[in-house]
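**Q** my_file_28.txt is the file, holding compact mmCIF, C-alpha atoms:
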# COMPACT_ATOMS: atom_id res chain seq x y z
CA MET A 1 -162.90 -15.31 168.56
CA ASN A 2 -162.04 -11.99 166.99
CA VAL A 3 -165.12 -10.58 165.20
CA LYS A 4 -163.03 -9.48 162.23
CA LEU A 5 -161.53 -12.96 161.83
CA LEU A 6 -164.96 -14.56 162.09
CA THR A 7 -166.27 -12.24 159.37
CA ILE A 8 -163.39 -13.24 157.09
CA ILE A 9 -164.07 -16.96 157.69
CA TYR A 10 -167.78 -16.51 156.85
CA ALA A 11 -166.86 -14.56 153.70
CA ILE A 12 -164.47 -17.28 152.54
CA PHE A 13 -167.09 -19.96 153.26
CA PHE A 14 -169.71 -18.04 151.26
CA ILE A 15 -167.33 -17.59 148.30
CA LEU A 16 -166.55 -21.33 148.27
CA ILE A 17 -170.26 -22.21 148.21
CA LEU A 18 -170.93 -19.70 145.42
CA PHE A 19 -167.99 -21.04 143.39
CA SER A 20 -169.22 -24.65 143.74
CA ILE A 21 -172.68 -23.63 142.51
CA ILE A 22 -171.23 -21.90 139.45
CA ILE A 23 -169.01 -24.90 138.62
CA SER A 24 -171.85 -27.42 139.03
CA GLY A 25 -174.10 -25.31 136.80
CA LYS A 26 -171.70 -25.19 133.87
CA GLY A 27 -172.77 -27.15 130.77
CA LYS A 28 -176.36 -27.51 131.88
CA ALA A 29 -179.02 -27.34 129.18
CA PRO A 30 -181.53 -24.49 129.27
CA LYS A 31 -184.74 -25.01 131.20
CA GLY A 32 -186.96 -27.62 129.56
CA ALA A 33 -184.16 -29.10 127.45
CA VAL A 34 -182.22 -32.33 127.71
CA ASP A 35 -178.63 -31.84 128.85
CA VAL A 36 -176.80 -33.02 125.73
CA SER A 37 -173.43 -32.67 127.43
CA LYS A 38 -174.44 -36.07 128.80
CA ILE A 39 -175.54 -39.11 126.81
CA ILE A 40 -179.29 -39.69 126.46
CA TYR A 41 -180.17 -43.21 127.56
CA TYR A 42 -182.93 -45.22 125.90
CA TYR A 43 -184.62 -48.53 126.64
CA VAL A 44 -186.13 -50.78 123.96
CA ASP A 45 -188.80 -53.36 124.78
CA LEU A 46 -187.75 -56.94 123.96
CA VAL A 47 -190.50 -57.44 121.36
CA ILE A 48 -189.48 -54.38 119.32
CA ASN A 49 -187.35 -54.71 116.18
CA THR A 50 -184.10 -53.16 117.43
CA THR A 51 -182.74 -52.81 113.88
CA HIS A 52 -185.36 -50.15 113.11
CA VAL A 53 -184.65 -48.34 116.38
CA GLU A 54 -180.88 -48.36 115.78
CA GLU A 55 -181.35 -47.00 112.24
CA ALA A 56 -183.42 -44.15 113.69
CA ILE A 57 -180.89 -43.47 116.46
CA ASN A 58 -177.97 -43.41 113.99
CA ARG A 59 -179.72 -40.96 111.67
CA ILE A 60 -180.54 -38.56 114.50
CA GLN A 61 -176.95 -38.77 115.78
CA ASN A 62 -175.55 -38.06 112.29
CA GLU A 63 -177.63 -34.89 111.91
CA THR A 64 -177.45 -33.47 115.44
CA CYS A 65 -175.13 -33.12 118.44
CA ILE A 66 -177.18 -35.61 120.46
CA ARG A 67 -175.68 -38.96 121.50
CA PHE A 68 -177.62 -41.99 122.73
CA LYS A 69 -176.74 -45.06 124.79
CA LYS A 70 -178.87 -48.17 125.20
CA SER A 71 -180.05 -49.11 128.68
CA ASN A 72 -180.82 -52.67 129.81
CA LYS A 73 -183.63 -51.55 132.10
CA THR A 74 -186.58 -49.19 131.93
CA LEU A 75 -185.95 -45.54 132.71
CA ASN A 76 -187.94 -42.91 134.55
CA ARG A 77 -189.17 -39.94 132.54
CA THR A 78 -186.33 -37.65 133.53
CA SER A 79 -183.57 -40.21 132.95
CA GLY A 80 -184.17 -41.10 129.31
CA ILE A 81 -186.50 -42.54 126.68
CA ASN A 82 -188.50 -45.79 126.85
CA LEU A 83 -189.71 -47.45 123.65
CA PHE A 84 -192.52 -49.92 124.33
CA ARG A 85 -194.72 -51.92 122.01
CA ASN A 86 -198.50 -51.78 122.38
CA ILE A 87 -199.79 -54.89 124.13
CA GLU A 88 -202.42 -55.45 121.42
CA CYS A 89 -199.70 -55.49 118.76
CA THR A 90 -197.77 -58.14 120.69
CA LEU A 91 -200.88 -60.32 120.83
CA ILE A 92 -201.84 -60.21 117.15
CA TYR A 93 -198.44 -59.88 115.45
CA ASN A 94 -197.09 -63.29 114.39
CA ILE A 95 -193.99 -63.08 112.22
CA ASP A 96 -194.19 -66.78 111.26
CA ASN A 97 -197.54 -66.33 109.58
CA GLN A 98 -196.91 -65.82 105.85
CA SER A 99 -200.39 -64.70 104.83
CA TYR A 100 -203.12 -62.49 106.21
CA SER A 101 -206.80 -62.13 105.65
CA LYS A 102 -208.26 -58.71 104.91
CA ASP A 103 -209.37 -58.21 108.51
CA GLU A 104 -206.00 -59.34 109.88
CA LEU A 105 -204.13 -56.90 107.68
CA ILE A 106 -206.35 -54.04 108.80
CA ASN A 107 -205.76 -55.06 112.42
CA GLN A 108 -202.01 -55.03 111.81
CA PHE A 109 -202.05 -51.50 110.46
CA PRO A 110 -201.61 -49.59 113.76
CA CYS A 111 -198.76 -51.94 114.69
CA LEU A 112 -196.54 -51.36 111.66
CA ARG A 113 -193.17 -49.99 112.69
CA SER A 114 -190.15 -48.70 110.81
CA SER A 115 -187.05 -46.59 111.35
CA GLY A 116 -188.99 -43.50 110.24
CA TYR A 117 -191.65 -44.21 112.84
CA TYR A 118 -189.05 -44.38 115.61
CA GLU A 119 -187.28 -41.25 114.38
CA ARG A 120 -190.49 -39.32 114.82
CA LEU A 121 -191.36 -41.00 118.12
CA ILE A 122 -187.94 -40.16 119.60
CA SER A 123 -188.13 -36.56 118.38
CA GLU A 124 -191.58 -36.24 119.97
CA LYS A 125 -190.14 -37.45 123.28
CA LEU A 126 -187.38 -34.85 122.89
CA GLY A 127 -190.08 -32.20 122.45
CA ALA A 128 -189.01 -31.32 118.91
CA ILE A 129 -192.30 -32.25 117.21
CA ASN A 130 -195.22 -29.95 117.94
CA PHE A 131 -198.93 -30.76 118.24
CA GLU A 132 -199.75 -29.68 114.67
CA ALA A 133 -197.14 -32.07 113.25
CA ARG A 134 -198.54 -34.95 115.31
CA LYS A 135 -202.05 -34.09 114.14
CA ASN A 136 -200.96 -34.08 110.47
CA ARG A 137 -199.27 -37.46 110.93
CA GLN A 138 -202.40 -38.96 112.49
CA GLU A 139 -204.57 -37.62 109.66
CA TYR A 140 -202.22 -39.10 107.05
CA PHE A 141 -202.16 -42.40 108.94
CA MET A 142 -205.96 -42.66 109.11
CA GLY A 143 -206.31 -41.62 105.48
CA LEU A 144 -204.08 -44.47 104.37
CA LYS A 145 -206.04 -46.91 106.51
CA LYS A 146 -209.23 -45.97 104.66
CA ILE A 147 -207.50 -46.43 101.29
CA ILE A 148 -206.23 -49.86 102.29
CA ASN A 149 -209.65 -50.89 103.53
CA ALA A 150 -211.24 -49.81 100.26
CA SER A 151 -208.93 -51.26 97.62
CA LEU A 152 -205.33 -52.12 98.35
CA ILE A 153 -205.94 -55.50 99.91
CA ARG A 154 -207.00 -56.81 96.49
CA LYS A 155 -204.86 -54.68 94.19
CA TYR A 156 -201.52 -54.47 95.94
CA TYR A 157 -201.02 -56.66 98.98
CA HIS A 158 -202.96 -59.86 98.26
CA GLY A 159 -202.69 -60.64 101.98
CA ASN A 160 -198.97 -61.40 101.70
CA PHE A 161 -196.63 -60.92 104.67
CA SER A 162 -193.69 -59.62 102.60
CA SER A 163 -196.01 -56.98 101.16
CA LEU A 164 -197.03 -56.04 104.68
CA GLN A 165 -193.38 -55.51 105.56
CA ASN A 166 -192.97 -53.42 102.41
CA PHE A 167 -195.89 -51.26 103.49
CA SER A 168 -194.17 -50.74 106.83
CA ASP A 169 -191.15 -49.38 104.96
CA VAL A 170 -193.42 -47.06 102.96
CA MET A 171 -194.89 -45.72 106.19
CA GLY A 172 -191.36 -45.20 107.46
CA LYS A 173 -190.48 -43.07 104.45
CA GLU A 174 -193.46 -40.82 105.13
CA PHE A 175 -192.68 -40.46 108.84
CA GLU A 176 -188.89 -40.08 108.72
CA LEU A 177 -187.53 -36.77 109.96
CA ARG A 178 -186.92 -34.08 107.37
CA PHE A 179 -184.37 -31.29 107.23
CA HIS A 180 -186.44 -28.79 109.23
CA ASP A 181 -187.04 -31.41 111.95
CA PHE A 182 -183.29 -31.91 112.43
CA LYS A 183 -182.83 -28.15 112.36
CA ARG A 184 -185.34 -27.73 115.19
CA ILE A 185 -183.62 -30.42 117.30
CA ASN A 186 -180.30 -28.62 116.83
CA GLU A 187 -181.84 -25.27 117.74
CA MET A 188 -183.20 -26.79 120.95
CA TYR A 189 -180.23 -28.85 122.10
CA CYS A 190 -177.04 -27.87 120.28
CA LYS A 191 -176.62 -24.16 120.97
CA HIS A 192 -173.45 -24.81 122.97
CA ASN A 193 -171.74 -25.83 119.70
CA LYS A 194 -172.73 -22.71 117.77
CA ASN A 195 -170.18 -20.52 115.97
CA SER A 196 -171.39 -16.91 116.21
CA SER A 197 -169.27 -15.82 113.23
CA LEU A 198 -170.93 -18.23 110.76
CA GLU A 199 -174.29 -17.29 109.24
CA CYS A 200 -176.07 -20.03 107.28
CA GLU A 201 -178.08 -18.86 104.28
CA ASN A 202 -181.21 -20.30 102.67
CA ASN A 203 -182.45 -21.64 106.02
CA GLY A 204 -179.51 -23.95 106.61
CA TYR A 205 -178.11 -24.60 110.08
CA GLN A 206 -174.63 -25.00 111.53
CA ASP A 207 -173.20 -28.50 111.44
CA PRO A 208 -173.14 -29.53 115.13
CA ARG A 209 -170.03 -31.64 114.46
CA ASN A 210 -168.15 -28.97 112.50
CA SER A 211 -169.00 -25.37 113.40
CA SER A 212 -167.10 -24.00 110.38
CA ILE A 213 -169.70 -25.25 107.88
CA CYS A 214 -173.48 -25.40 107.52
CA LYS A 215 -175.85 -28.25 106.82
CA CYS A 216 -177.91 -27.25 103.79
CA PRO A 217 -181.44 -28.06 102.62
CA TYR A 218 -181.63 -30.11 99.43
CA GLY A 219 -180.98 -27.79 96.50
CA PHE A 220 -178.25 -25.75 98.21
CA ASN A 221 -174.51 -26.17 98.63
CA GLY A 222 -171.38 -24.43 99.92
CA TYR A 223 -169.94 -23.92 103.38
CA ASN A 224 -172.76 -21.47 104.25
CA CYS A 225 -175.46 -22.80 101.85
CA SER A 226 -175.24 -19.74 99.60
CA ASP A 227 -174.66 -21.79 96.42
CA LEU A 228 -177.27 -23.59 94.35
CA LEU A 229 -176.77 -27.35 93.97
CA ILE A 230 -175.82 -28.19 90.38
CA SER A 231 -173.88 -30.94 88.62
CA GLU A 232 -172.08 -28.38 86.48
CA LYS A 233 -173.13 -24.89 85.33
CA SER A 234 -172.53 -25.68 81.65
CA LEU A 235 -174.98 -28.60 81.94
CA CYS A 236 -177.66 -26.34 83.43
CA ASN A 237 -178.02 -23.71 80.67
CA ASN A 238 -175.07 -21.70 82.08
CA ILE A 239 -177.49 -19.68 84.18
CA THR A 240 -179.17 -20.63 87.44
CA THR A 241 -180.84 -17.42 88.66
CA PHE A 242 -183.66 -15.75 86.73
CA THR A 243 -185.62 -12.55 87.24
CA ALA A 244 -189.29 -12.99 86.33
CA ASN A 245 -191.14 -10.13 84.65
CA MET A 246 -194.26 -9.72 82.50
CA SER A 247 -192.64 -11.55 79.58
CA GLU A 248 -192.78 -15.31 79.47
CA GLN A 249 -189.43 -17.06 79.94
CA ASN A 250 -188.53 -20.70 79.43
CA ILE A 251 -186.07 -23.24 80.85
CA SER A 252 -185.67 -26.62 79.14
CA ILE A 253 -183.72 -29.35 80.93
CA SER A 254 -183.03 -32.96 80.04
CA GLY A 255 -180.66 -35.77 80.89
CA GLU A 256 -178.85 -37.22 83.88
CA LYS A 257 -177.85 -34.28 86.10
CA ILE A 258 -178.87 -32.05 88.99
CA CYS A 259 -179.83 -28.46 88.19
CA THR A 260 -181.19 -25.97 90.71
CA TYR A 261 -182.76 -22.71 89.55
CA ARG A 262 -183.81 -19.66 91.55
CA ILE A 263 -186.59 -17.50 90.12
CA ILE A 264 -187.14 -14.09 91.73
CA SER A 265 -189.93 -11.82 90.49
CA GLU A 266 -189.69 -8.10 89.86
CA GLY A 267 -191.62 -5.91 92.27
CA ASN A 268 -192.00 -8.71 94.83
CA LYS A 269 -194.92 -10.16 92.83
CA THR A 270 -196.09 -13.76 93.05
CA LEU A 271 -195.18 -16.16 90.25
CA LEU A 272 -197.06 -18.30 87.77
CA ILE A 273 -195.09 -21.40 86.79
CA TYR A 274 -196.26 -23.67 84.01
CA LEU A 275 -194.59 -27.09 83.71
CA LYS A 276 -194.88 -29.08 80.50
CA ASN A 277 -193.77 -32.53 79.30
CA ILE A 278 -192.51 -33.68 82.68
CA THR A 279 -190.64 -36.98 82.42
CA MET A 280 -188.95 -37.82 85.71
CA SER A 281 -188.09 -41.17 87.27
CA GLN A 282 -191.00 -43.16 88.63
CA SER A 283 -191.38 -43.17 92.41
CA PRO A 284 -190.31 -46.50 93.95
CA TYR A 285 -193.29 -46.27 96.30
CA PRO A 286 -196.86 -47.38 95.52
CA LEU A 287 -199.01 -44.81 93.73
CA PHE A 288 -201.56 -44.58 96.55
CA THR A 289 -198.98 -43.10 98.95
CA SER A 290 -198.23 -40.07 96.75
CA LEU A 291 -194.62 -40.35 97.98
CA CYS A 292 -192.09 -38.76 95.64
CA PRO A 293 -188.49 -38.52 96.97
CA GLU A 294 -186.85 -35.14 96.48
CA ASN A 295 -183.57 -36.56 95.14
CA MET A 296 -185.20 -38.12 92.07
CA SER A 297 -187.95 -35.68 91.17
CA LEU A 298 -188.77 -32.21 89.94
CA GLU A 299 -189.11 -30.23 93.16
CA ILE A 300 -190.59 -26.74 93.47
CA LYS A 301 -189.98 -24.85 96.73
CA THR A 302 -192.43 -21.97 97.04
CA LYS A 303 -192.28 -21.33 100.80
CA ALA A 304 -190.14 -18.54 102.21
CA ASP A 305 -188.39 -21.14 104.39
CA LYS A 306 -186.37 -23.18 101.89
CA GLY A 307 -185.61 -25.78 104.57
CA TYR A 308 -189.00 -27.37 103.97
CA LYS A 309 -189.42 -30.01 101.30
CA GLY A 310 -191.13 -28.54 98.26
CA TYR A 311 -193.78 -29.90 95.93
CA CYS A 312 -192.26 -32.95 94.19
CA LEU A 313 -193.30 -34.47 90.87
CA CYS A 314 -192.32 -38.00 89.81
CA GLY A 315 -193.05 -40.00 86.66
CA LYS A 316 -194.70 -38.69 83.50
CA ILE A 317 -197.00 -35.67 83.68
CA ARG A 318 -198.15 -33.82 80.56
CA LYS A 319 -198.65 -30.44 82.23
CA HIS A 320 -198.90 -28.89 85.65
CA ASP A 321 -199.11 -25.23 86.64
CA ILE A 322 -198.39 -23.62 89.99
CA ILE A 323 -199.40 -20.24 91.36
CA THR A 324 -196.93 -19.38 94.10
CA ASN A 325 -197.53 -17.42 97.28
CA SER A 326 -194.02 -15.95 97.24
CA SER A 327 -191.74 -14.01 94.91
CA ASP A 328 -188.75 -16.33 95.43
CA VAL A 329 -189.00 -19.88 94.08
CA ILE A 330 -186.48 -22.71 93.91
CA ILE A 331 -186.82 -25.40 91.22
CA ILE A 332 -184.66 -28.52 91.56
CA TYR A 333 -184.34 -30.92 88.65
CA SER A 334 -182.88 -34.27 89.80
CA GLY A 335 -182.46 -36.29 86.62
CA LEU A 336 -181.39 -39.89 87.22
CA ASN A 337 -181.24 -40.98 83.58
CA VAL A 338 -180.99 -39.60 80.03
CA SER A 339 -184.74 -39.90 79.42
CA ASN A 340 -185.64 -37.38 82.16
CA SER A 341 -186.73 -33.93 80.97
CA VAL A 342 -189.01 -30.96 81.63
CA ASP A 343 -190.00 -27.63 80.07
CA ILE A 344 -190.54 -24.77 82.53
CA TYR A 345 -192.38 -21.55 81.64
CA PHE A 346 -192.68 -18.69 84.11
CA LYS A 347 -193.58 -15.03 84.57
CA TYR A 348 -194.87 -12.93 87.41
CA GLN A 349 -198.58 -12.61 88.05
CA SER A 350 -200.23 -9.66 86.33
CA LEU A 351 -203.73 -8.31 86.87
CA ILE A 352 -205.53 -6.09 84.35
CA ASN A 353 -209.06 -5.08 85.32
CA ASN A 354 -208.92 -7.77 88.03
CA THR A 355 -208.26 -10.45 85.41
CA ARG A 356 -205.20 -12.67 85.67
CA ILE A 357 -203.03 -12.87 82.55
CA GLU A 358 -202.16 -16.54 82.04
CA ILE A 359 -199.03 -17.98 80.47
CA SER A 360 -199.52 -19.18 76.92
CA LYS A 361 -199.77 -22.98 76.77
CA GLN A 362 -198.69 -23.73 73.23
Could you write out this file's structure as C-alpha cells?
**A**
Amino acid sequence: MNVKLLTIIYAIFFILILFSIIISGKGKAPKGAVDVSKIIYYYVDLVINTTHVEEAINRIQNETCIRFKKSNKTLNRTSGINLFRNIECTLIYNIDNQSYSKDELINQFPCLRSSGYYERLISEKLGAINFEARKNRQEYFMGLKKIINASLIRKYYHGNFSSLQNFSDVMGKEFELRFHDFKRINEMYCKHNKNSSLECENNGYQDPRNSSICKCPYGFNGYNCSDLLISEKSLCNNITTFTANMSEQNISISGEKICTYRIISEGNKTLLIYLKNITMSQSPYPLFTSLCPENMSLEIKTKADKGYKGYCLCGKIRKHDIITNSSDVIIIYSGLNVSNSVDIYFKYQSLINNTRIEISKQ
C-alpha cells in the first residue's frame, strides 16, 4: 500500500478517536463531583420513614440543580446514595408502643429521624458538609441528650410517644439545611448552569433553574439580591440604611410587617447595638432547644457573609446588647402580629484612654 495513503488513513483514524473522546467527555462533572447532568439514584431501607426522606429530597431539588430518582435495590458507592437504618434502632423502635419509660426514651434518642436529618445526611454524602459542620452537629446532639436526661423527661415529654415524635421534628428543624448549605451544593454541582453576566450581591447565588435571577438570603430581595426585604418603605420609617457615628441613633418598630435595616459604621469601626423592649412572637419550639426561626424573630446578621443565619431573638426580652465584629450589620424585624415591637439603639464603638464609651440605657 502506498505509504502516503497509509499515513492519511492513520491520521483519519486518530482524528476519529480524538473526536469520540471529546464527545464522550462533554457534560462530565469536575473531578470529585457528582455528574448532575445525570439523575442521582438513591435507595431507602424498608424500615425508614420514606415521607421524611421524600421531604428532604424535594427541598434539595427545589434549591439546587440536582435531581434524584429512587432505586429499588442497593447501590454501590459510585452509583448513588444508600439510606440505611441502624440495626439497633430497628430492634428497639416500636411504633405501636404509646408510652416510654425514661430509659427507653433515652435509648430512642439516637434513632430519631426527620426530614432535616435526611437533608443533612444526603448533603454529607454529596460532600457538601465539611468536618467542622459534622462536629458542631454532634456536639449539639449530645448536648440535647444531656438536657433530656436531666429534666425534660419529667417536664416536657412525660414518656409520651406523640411527644417523642414532636421532639424528632424539633431535631429536624435544627438539622435542616440552611441557605449557605444550598449555596455550597450549587457551587459544587451546578456550575454548568451559571450565567457569567449576572452577579449576585449580599452573598446570594444564581438560581439554578433560572439563570437570570439570584436566590437571596433572608433579608434581601431583587433579581440580584441588592434590595433589602421590606413590606413597604413607608411602614419601615421611610429609611432602611443608616450610617453609624459617635452619636446615638434610634430605630423604633412595631406591628405586623417585615423591615430590614442596614447599619454601616463610619471609618470601618465595629458597632455597639443595644436592643430594648423586645416583643416578638414566641418560638413554636420548646425553650430548651433555643430554636428561633428567622422568619418570625428579630434577627441580627453581624458576619461579613450575609448568607449565614444571624442571631435571632424570639419572645419577650427586656434588653439585649450586641458588640459586633464587623462594620456592616443587617437587622431584620419579622413582625407577625400588631403586638410585636422593638427599640434599637446603635453607634460605632469609641475608645477614649482605652475605655469603651457605652450607649446610654435610659
**Q** Pick from A:Ile253, A:Leu229, A:Leu121, A:Cys259: nearest to A:Ile278, with all atoms listed in the file counted?
**A**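 Checking each candidate against A:Ile278, we get A:Ile253 as the closest.
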**Q** Name all residues at most 8 Å from A:Ser115 (count only C-alpha atoms; drop same-chain ones fewer than 3 positions away) and give them as a list in words.
**A**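 Counting only C-alpha atoms, the residues come to Thr51, His52, Val53, Glu54, Glu55, Ala56, Tyr118, Glu119, Gly172 and Glu176 of chain A.
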**Q** Keeping only C-alpha atoms, write the selected residues as a compact mmCIF listing (two decimals), in the coordinates of the input.
**A**
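Once everything was written out, this is out.txt:
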# COMPACT_ATOMS: atom_id res chain seq x y z
CA THR A 51 -182.74 -52.81 113.88
CA HIS A 52 -185.36 -50.15 113.11
CA VAL A 53 -184.65 -48.34 116.38
CA GLU A 54 -180.88 -48.36 115.78
CA GLU A 55 -181.35 -47.00 112.24
CA ALA A 56 -183.42 -44.15 113.69
CA TYR A 118 -189.05 -44.38 115.61
CA GLU A 119 -187.28 -41.25 114.38
CA GLY A 172 -191.36 -45.20 107.46
CA GLU A 176 -188.89 -40.08 108.72
**Q** Let me make sure I understand: among A:Ile122, A:Ile213, A:Leu298, A:Leu272, which one has the smallest atom-to-atom distance to A:Ile40 if we use only C-alpha atoms?
**A**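 Smallest distance to A:Ile40 is found for A:Ile122.
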**Q** Point out the residue among A:Glu299, A:Asp321, A:Asp343, A:Glu248 with the least atom-to-atom distance to A:Ser265, counting all atoms listed in the file.
**A** A:Glu248
**Q** Using only C-alpha atoms, determine which residues lie at most 9 Å from A:Phe346, disregarding the query and same-chain residues fewer than 4 positions distant; provide the list as a PyMOL selection string.
**A** chain A and resi 244-245+247-251+263+271-275+359
**Q** Work out how far apart atom CA of A:Ile344 and atom CA of A:Asn268 are and give it in Å to one decimal.
**A** 20.3 Å
**Q** How many Å lie between atom CA of A:Lys233 and atom CA of A:Asn210, rounded to one decimal?
**A**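 About the pair atom CA of A:Lys233 and atom CA of A:Asn210: they are 27.9 Å apart.
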**Q** What gap, in Å, lies between atom CA of A:Gln61 and atom CA of A:Arg77?
**A**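 Straight-line distance from atom CA of A:Gln61 to atom CA of A:Arg77 works out to 20.8 Å.
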**Q** Using all atoms listed in the file, list the residues that have an atom at most 8 Å from (-187.7, -37.7, 90.8), coordinates as in the file, as a ChimeraX atom specification.
**A** /A:280-283,292-299,312-315,333-336
